[in-house]
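Below is one structure, written out as structure tokens, with a few remarks after it.
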Amino acid sequence: MAFDVFNGDADGLAALVQWRLAYPKANTLITGVKRDIALLKQVPLATEQVTVMDLSMAKNQAALDALLASGTQVFYADHHQSGAVPQSPLLHAHIHTSANTCTALIIDKLLHGQYREWALVGAYGDNLHRTANALAHQSQIAASQRDRLEQLGHYLNYNSYGASLDDLIMPPAILYRICVALIPPMPLCALIRTL
């Protein structure tokens, strides 16, 4: 069995969407509200493979160590402080803590801009407007399209705030399934405005 574990905000969603568009796999999803970041403990030990997006490694250290000790392959991408990164051939970590990056942009670099619009959604959702605008300009994305990507990033991020999944307009796992079906992401703007 394999799992995709991700923060339910715009950055976590956009990062996983890009990754699964590039590497399709119907893994079991584990996610939550924006502030629910200690999610790795929900993954059973001796799982075959886990993909982790936009969750602080420091907040998931014990669960990560246990998974690696049980033989689980872990792909981990994040921009938060990580603490000590475990040295294991089973861990493929892409941790970048620069103030002007987010997990969606880390994945964008790994995928050489293949799903750039989704990277911008994540960056705008994480309030990296200057970085996102520069990348949109470099990618020759029209201002009107850039504005819609920015709006979508804000919508997805706003949706993630709540004390529990019941507080959200739409659970992040459902949003993920909608998002991963949309290339490019703009049609989702119209859908979310109707909610």
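Each chain in the structure tokens gets a letter, A, B, ..., in the order shown, and its residues are numbered from 1; ligands are numbered from 1 in order too.
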
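Excluding Ile174 in chain A itself and same-chain residues fewer than 5 positions from it, the residues having an atom within 12 Å of it are Gly8, Leu13, Leu29, Ile30, Thr31, Gly32, Leu156, Asn159, Leu165, Leu168, Ile169, Cys179, Val180 and Ala181 of chain A, counting only C-alpha atoms.
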
Taking only C-alpha atoms into account, produce a table as JSON lines in which each residue of range 81-173 of chain A with an atom at most 7 Å from an atom of range 51-65 of chain A appears once, together with its shortest atom pair and the distance in Å to one decimal, ordered by chain and rising number.
{"residue": "A:Gln81", "atom": "CA", "partner": "A:Ser56", "partner_atom": "CA", "distance": 6.4}
{"residue": "A:Ser82", "atom": "CA", "partner": "A:Met57", "partner_atom": "CA", "distance": 4.6}
{"residue": "A:Gly83", "atom": "CA", "partner": "A:Ala58", "partner_atom": "CA", "distance": 5.0}
{"residue": "A:Thr103", "atom": "CA", "partner": "A:Asp54", "partner_atom": "CA", "distance": 5.6}

With C-alpha atoms retained, could you export that selection as a compact mmCIF listing (two decimals), in the first residue's frame?
# COMPACT_ATOMS: atom_id res chain seq x y z
CA GLN A 81 12.26 24.05 9.16
CA SER A 82 13.11 20.37 9.09
CA GLY A 83 15.29 19.72 12.11
CA THR A 103 6.61 23.30 -1.68

Excluding same-chain residues fewer than 6 positions from range 120-137 of chain A, what lies within 9 Å of it counting only C-alpha atoms, as a list of chain:residue names?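 Residues meeting the cut-off are A:Asp9, A:Ala10, A:Asp11, A:Gly12, A:Leu13, A:Ala14, A:Ala15, A:Ala99, A:Asn100, A:Thr101, A:Cys102, A:Thr103, A:Ala104, A:Leu105, A:Ala143, A:Arg146, A:Arg148, A:Leu149, A:Glu150, A:Gln151, A:Leu152, A:Gly153, A:His154, A:Tyr155, A:Leu156, A:Asn157, A:Tyr158, A:Pro185.
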
Please produce a file of the residues just selected, as a CSV table (one decimal), in the first residue's frame, where the atoms kept are C-alpha atoms.
chain,number,residue,atom,x,y,z
A,9,ASP,CA,-3.7,24.3,2.0
A,10,ALA,CA,-3.0,25.7,-1.5
A,11,ASP,CA,0.7,24.9,-1.4
A,12,GLY,CA,0.3,21.3,-0.3
A,13,LEU,CA,-2.5,20.7,-2.8
A,14,ALA,CA,-0.7,22.3,-5.7
A,15,ALA,CA,2.5,20.5,-4.9
A,99,ALA,CA,11.8,32.6,2.5
A,100,ASN,CA,10.9,33.0,-1.1
A,101,THR,CA,10.0,29.4,-1.9
A,102,CYS,CA,7.2,27.0,-1.1
A,103,THR,CA,6.6,23.3,-1.7
A,104,ALA,CA,4.8,23.9,-5.0
A,105,LEU,CA,7.8,25.8,-6.3
A,143,ALA,CA,-1.8,39.1,-16.7
A,146,ARG,CA,-2.1,35.2,-13.7
A,148,ARG,CA,-7.1,33.9,-12.0
A,149,LEU,CA,-4.2,31.7,-10.7
A,150,GLU,CA,-3.7,34.1,-7.8
A,151,GLN,CA,-7.4,34.1,-7.0
A,152,LEU,CA,-7.4,30.3,-7.1
A,153,GLY,CA,-4.5,30.1,-4.7
A,154,HIS,CA,-6.3,32.4,-2.3
A,155,TYR,CA,-9.5,30.4,-2.5
A,156,LEU,CA,-7.7,27.1,-1.9
A,157,ASN,CA,-5.8,28.5,1.0
A,158,TYR,CA,-8.9,30.1,2.5
A,185,PRO,CA,-6.3,24.8,-13.3

Identify all residues of chain A in strand (DSSP E) (DSSP on the backbone) and supply them as a list in words.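 Taking chain A and keeping strand (DSSP E) gives Ala2, Phe3, Asp4, Val5, Phe6, Thr28, Leu29, Ile30, Gln49, Val50, Thr51, Val52, Met53, Gln73, Val74, Phe75, Tyr76, Ala77, Asp78, Leu91, His92, Ala93, His94 and Ile95 of chain A.
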
Would you return as an NGL selection string the members of range 56-181 of chain A that DSSP assigns to alpha helix (DSSP H) on this structure's backbone? :A and (61-69 or 103-110 or 116-125 or 129-138 or 143-159 or 172-180)

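When only C-alpha atoms are used to measure the gap to Tyr23 in chain A, the shortest distance among A:Ala173, A:Leu111, A:Leu68, A:Ile178 belongs to A:Leu111.
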
Using only C-alpha atoms, which protein or nucleic acid residues come within 6 Å of Ile95 in chain A? Drop anything in the same chain fewer than 4 positions from it, and give the result as a PyMOL selection string. chain A and resi 77-79

Kindly export the residues of the current selection with C-alpha atoms, as a compact mmCIF listing (two decimals), in the first residue's frame.
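So out15.txt came out as:
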# COMPACT_ATOMS: atom_id res chain seq x y z
CA ALA A 77 9.21 17.80 -0.19
CA ASP A 78 8.81 20.81 2.09
CA HIS A 79 9.91 24.39 2.78

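When CA of Pro172 in chain A is paired with CA of Asn7 in chain A, their separation reads 8.4 Å.
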
Separation of CA of Gln73 in chain A from CA of Tyr176 in chain A in Å: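 Result for CA of Tyr176 in chain A versus CA of Gln73 in chain A: 22.6 Å, one decimal.
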
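Residues with any atom within 9 Å of Ala26 in chain A, counting only C-alpha atoms and excluding same-chain neighbours fewer than 2 positions away, are Ala2, Phe3, Asp4, Arg20, Pro24, Thr28 and Leu29 of chain A.
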
Output for the residues just chosen: N, CA and C atoms as a PDB file, in the first residue's frame:
ATOM      1  N   ALA A   2       0.374   2.329  -0.607  1.00  0.00           N
ATOM      2  CA  ALA A   2       1.125   3.570  -0.680  1.00  0.00           C
ATOM      3  C   ALA A   2       0.219   4.734  -0.299  1.00  0.00           C
ATOM      4  N   PHE A   3       0.819   5.798   0.230  1.00  0.00           N
ATOM      5  CA  PHE A   3       0.069   6.946   0.732  1.00  0.00           C
ATOM      6  C   PHE A   3       0.641   8.242   0.187  1.00  0.00           C
ATOM      7  N   ASP A   4      -0.242   9.213  -0.053  1.00  0.00           N
ATOM      8  CA  ASP A   4       0.127  10.598  -0.306  1.00  0.00           C
ATOM      9  C   ASP A   4      -0.353  11.403   0.890  1.00  0.00           C
ATOM     10  N   ARG A  20       1.506  14.297  -9.022  1.00  0.00           N
ATOM     11  CA  ARG A  20       0.679  13.194  -9.513  1.00  0.00           C
ATOM     12  C   ARG A  20       0.284  13.372 -10.978  1.00  0.00           C
ATOM     13  N   PRO A  24       1.430   9.682 -12.203  1.00  0.00           N
ATOM     14  CA  PRO A  24       0.094   9.269 -11.738  1.00  0.00           C
ATOM     15  C   PRO A  24       0.134   8.014 -10.880  1.00  0.00           C
ATOM     16  N   THR A  28      -3.582   6.173  -1.341  1.00  0.00           N
ATOM     17  CA  THR A  28      -4.482   6.586  -0.281  1.00  0.00           C
ATOM     18  C   THR A  28      -4.052   7.969   0.191  1.00  0.00           C
ATOM     19  N   LEU A  29      -5.027   8.878   0.343  1.00  0.00           N
ATOM     20  CA  LEU A  29      -4.733  10.251   0.728  1.00  0.00           C
ATOM     21  C   LEU A  29      -4.874  10.449   2.235  1.00  0.00           C
TER      22      LEU A  29
END

Could you please determine the separation between CA of Leu45 in chain A and CA of Met1 in chain A in Å, to one decimal place?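 Taking CA of Leu45 in chain A as the start and CA of Met1 in chain A as the end point, the length is 10.5 Å.
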